[in-house]
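Undergrad: Here it is, the structure, as structure tokens.
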Amino acid sequence: MPGVRADQLYRISTWLKEGVAHHQAGNLQQAERSYRQILGLDPRHPAAHNNLGDIAFRLRRFSPAGKHFQQALAGAPGTRQYAENLAKCQYILGDWEALRAMGEGPHAGSATLSLLMSRAFGVRHGQKVFCVGCNKTGTTSIERALADLGFRMGLQSRGERLARDWRKQDFRRIVQLAETADAFQDIPFSLPGTYRALDSHFPGAKFILTIRDDPEQWYRSITSFHSKIMTGGTRLPMADDLRKFEYGYPGFSWEICQWVFGATEESPYDKGRCIDSYMRHNHAVERYFKDRPQDLLVINVSQPDAMRRLCDFLGREWKGQQVPHLNKT
């Protein structure tokens, strides 16, 4: 380690052992503190950067994780683990160009890289299923139901990284993502208008519009869920809570609330605007497919016949199973 004295090497070794012990025990804050102490003496230390990247990855902070993995690989370019960790971030972040370069580079023989490349650039043919219902309408339950029926589900976290593409109405990377698996749900597939681009690019695709009993029930569900994850259920999140909430990328939750619900600084969850956005989206989807009932299933997953209707719609055998109810609020 150029520029690091012998006594500092001993301290770095000690901190690394302590950090790894905390890391393995699940004490991520203590582990992070040890690794950052290392970087204070050796800012390019590969193992410290890799382990900080792993912590960020576990916390779904994919952008910071990718930067740490890049630093680790720059410091130790021959270390396959660092290359694989970076590739996982590139896959989730939708950085396909970088992932392709990684998959064709010095570590091309890695089984992990080969799998990521296959997932990123394969599955272009076969039946496509898109759940286009708003968030908190049973989309997670539909995801599980589709997986149980044998559909290969797309990576949700990767899709969420494309919200700004949707905002610009640039669907190229969203279509690329839709070529990586059989079925998809949540953002950006649940956002207004995405279904039109997907329908154009994937003739014969099936679309599922999940709904709640009524708009009031949906509003209670989404506000309760956001309150639970952002403020511990004590109150509705405000604009600053949404900006600071660590999910997707910095500012993701605030952007989505602005774009979809028309959120303002003073009233991020105005009931009238939120319910209007929910109803507009549902009506637009139903209107678009009004002459093609074979391509759209409108479904309430809480209904007892939901799984049978889903199986019939997708041409799968119904064996008496029910839709699993997940993320209930």
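Going through the structure tokens in order, the chains are called A, B, and so on, while each chain numbers its residues from 1 and the ligands are numbered from 1 in the order shown.
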Name all residues at most 10 Å from His23 (chain A) (count only C-alpha atoms; drop same-chain ones fewer than 5 positions away) and give them as a ChimeraX atom specification.

TA: /A:17-18,28-32,34,51-52,54-55

Undergrad: Quick one: write out the picked residues with N, CA and C atoms as an mmCIF file, in the first residue's frame?

TA:
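After the write, out.cif holds the following:
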data_model
loop_
_atom_site.group_PDB
_atom_site.id
_atom_site.type_symbol
_atom_site.label_atom_id
_atom_site.label_comp_id
_atom_site.auth_asym_id
_atom_site.auth_seq_id
_atom_site.Cartn_x
_atom_site.Cartn_y
_atom_site.Cartn_z
ATOM 1 N N LYS A 17 -10.228 -6.624 10.548
ATOM 2 C CA LYS A 17 -10.709 -7.805 11.274
ATOM 3 C C LYS A 17 -11.940 -7.461 12.102
ATOM 4 N N GLU A 18 -11.904 -6.304 12.759
ATOM 5 C CA GLU A 18 -13.045 -5.885 13.567
ATOM 6 C C GLU A 18 -14.277 -5.655 12.672
ATOM 7 N N LEU A 28 -24.046 -3.773 11.161
ATOM 8 C CA LEU A 28 -23.557 -3.054 9.982
ATOM 9 C C LEU A 28 -23.025 -1.667 10.311
ATOM 10 N N GLN A 29 -23.607 -0.989 11.284
ATOM 11 C CA GLN A 29 -23.109 0.344 11.631
ATOM 12 C C GLN A 29 -21.696 0.278 12.182
ATOM 13 N N GLN A 30 -21.452 -0.677 13.063
ATOM 14 C CA GLN A 30 -20.103 -0.821 13.617
ATOM 15 C C GLN A 30 -19.119 -1.234 12.533
ATOM 16 N N ALA A 31 -19.568 -2.134 11.636
ATOM 17 C CA ALA A 31 -18.697 -2.561 10.545
ATOM 18 C C ALA A 31 -18.346 -1.382 9.652
ATOM 19 N N GLU A 32 -19.351 -0.575 9.313
ATOM 20 C CA GLU A 32 -19.098 0.591 8.464
ATOM 21 C C GLU A 32 -18.106 1.543 9.122
ATOM 22 N N SER A 34 -15.666 0.819 11.137
ATOM 23 C CA SER A 34 -14.315 0.262 11.017
ATOM 24 C C SER A 34 -13.757 0.447 9.608
ATOM 25 N N ASN A 51 -16.360 -3.983 1.089
ATOM 26 C CA ASN A 51 -17.238 -4.287 2.210
ATOM 27 C C ASN A 51 -18.233 -3.156 2.479
ATOM 28 N N LEU A 52 -17.811 -1.908 2.262
ATOM 29 C CA LEU A 52 -18.756 -0.794 2.356
ATOM 30 C C LEU A 52 -19.813 -0.908 1.260
ATOM 31 N N ASP A 54 -20.890 -3.700 0.019
ATOM 32 C CA ASP A 54 -21.806 -4.767 0.417
ATOM 33 C C ASP A 54 -22.839 -4.260 1.415
ATOM 34 N N ILE A 55 -22.409 -3.430 2.355
ATOM 35 C CA ILE A 55 -23.348 -2.858 3.329
ATOM 36 C C ILE A 55 -24.385 -2.003 2.617
#

Undergrad: What's the 9 Å shell around region 165-172 of chain A, counting only C-alpha atoms, without same-chain residues fewer than 6 positions away, as a list of chain:residue names?

TA: A:Pro188, A:Leu191, A:Gly193, A:Thr194, A:Ala197, A:Leu198, A:Trp259

Undergrad: Mind giving me the straight-line distance from CA of Arg220 (chain A) to CA of Leu297 (chain A) in Å, one decimal?

TA: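 So the answer is 24.0 Å.
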
Undergrad: Give me, as a list of chain:residue names, all polymer residues having an atom no more than 9 Å from Thr79 (chain A), counting only C-alpha atoms and skipping those fewer than 6 positions away in the same chain.

TA: A:Ala72, A:Leu73, A:His107

Undergrad: Take the residues from that selection and put them in a file with C-alpha atoms, as a PDB file, in the first residue's frame.

TA:
ATOM      1  CA  ALA A  72     -12.501  -1.900  -4.980  1.00  0.00           C
ATOM      2  CA  LEU A  73     -12.071  -3.242  -8.509  1.00  0.00           C
ATOM      3  CA  HIS A 107     -13.799 -11.774 -15.842  1.00  0.00           C
TER       4      HIS A 107
END

Undergrad: Between A:Val260, A:Ile229, A:Ala205, A:Leu146, which one has atoms that come closest to Arg280 (chain A), using only C-alpha atoms?

TA: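 Counting only C-alpha atoms, the residue closest to Arg280 (chain A) is A:Val260.
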
Undergrad: Which residues in region 136-238 of chain A does DSSP call strand (DSSP E or B)? List them as a PyMOL selection string.

TA: chain A and resi 153+183-184+206-210

Undergrad: Write a file of the just-selected residues containing C-alpha atoms, as a short mmCIF file (atom, residue, chain, number, x, y, z; two decimals), in the first residue's frame.

TA:
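The result, written out as out-v6.cif:
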data_model
loop_
_atom_site.label_atom_id
_atom_site.label_comp_id
_atom_site.auth_asym_id
_atom_site.auth_seq_id
_atom_site.Cartn_x
_atom_site.Cartn_y
_atom_site.Cartn_z
CA MET A 153 -40.54 -12.29 -12.74
CA ALA A 183 -43.79 -10.91 -16.15
CA PHE A 184 -43.44 -7.52 -14.46
CA LYS A 206 -51.35 -9.86 -21.40
CA PHE A 207 -52.17 -6.95 -19.08
CA ILE A 208 -53.51 -7.16 -15.53
CA LEU A 209 -55.15 -4.16 -13.87
CA THR A 210 -55.33 -4.73 -10.13
#

Undergrad: Pick out the closest residue to Val285 (chain A) from this set: A:Val323, A:Ala111, A:Ile211, A:Ala74. Count only C-alpha atoms.

TA: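 Looking at the shortest contact to Val285 (chain A), the residue is A:Ile211.
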
Undergrad: Can you tell me, as a list in words, what residues are no more than 9 Å from region 133-135 of chain A when counting only C-alpha atoms, ignoring any on the same chain fewer than 4 positions away?

TA: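 Contacts, in chain order: Thr139, Thr140, Gln185, Asp186, Ile187, Phe189, Ser190, Leu191, Pro192, Ile208, Leu209, Thr210, Ile211, Trp218, Ile222, Tyr278, His281, Asn282 and Val298 of chain A.
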
Undergrad: Go ahead and write the residues just picked, C-alpha atoms, as a CSV table (one decimal), in the first residue's frame.

TA:
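What ended up in result.csv:
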chain,number,residue,atom,x,y,z
A,139,THR,CA,-49.4,-6.0,-7.1
A,140,THR,CA,-47.0,-7.9,-4.7
A,185,GLN,CA,-45.2,-5.4,-11.9
A,186,ASP,CA,-44.8,-2.1,-10.0
A,187,ILE,CA,-42.9,1.0,-11.3
A,189,PHE,CA,-45.1,-0.7,-15.4
A,190,SER,CA,-47.7,0.7,-13.1
A,191,LEU,CA,-47.2,4.3,-14.2
A,192,PRO,CA,-49.7,6.0,-16.5
A,208,ILE,CA,-53.5,-7.2,-15.5
A,209,LEU,CA,-55.1,-4.2,-13.9
A,210,THR,CA,-55.3,-4.7,-10.1
A,211,ILE,CA,-57.9,-2.7,-8.2
A,218,TRP,CA,-56.8,2.4,-1.9
A,222,ILE,CA,-51.2,3.8,0.4
A,278,TYR,CA,-55.9,6.4,-9.1
A,281,HIS,CA,-55.2,5.6,-14.4
A,282,ASN,CA,-57.8,2.8,-14.1
A,298,VAL,CA,-59.3,-6.3,-14.2

Undergrad: List the neighbours of Leu162 (chain A) out to 8 Å using only C-alpha atoms; skip same-chain residues closer than 2 positions along the sequence, and give me the result as a PyMOL selection string.

TA: chain A and resi 94+158-160+164-166+173-174+188

Undergrad: For Ser267 (chain A), which residue out of A:Met238, A:Arg61, A:Ser118, A:Gln81 is the nearest one, using only C-alpha atoms?

TA: A:Met238

Undergrad: Write down as number ranges by chain the residues of region 15-181 of chain A whose backbone DSSP state falls under alpha helix (DSSP H).

TA: A: 15-25, 28-41, 46-58, 62-75, 80-93, 96-103, 111-121, 139-148, 156-160, 163-167, 172-178

Undergrad: Which of these, A:Met307, A:Glu104, A:Ala284, A:Thr223, has the shortest distance to Tyr269 (chain A) once you count only C-alpha atoms?

TA: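 Closest candidate: A:Thr223.
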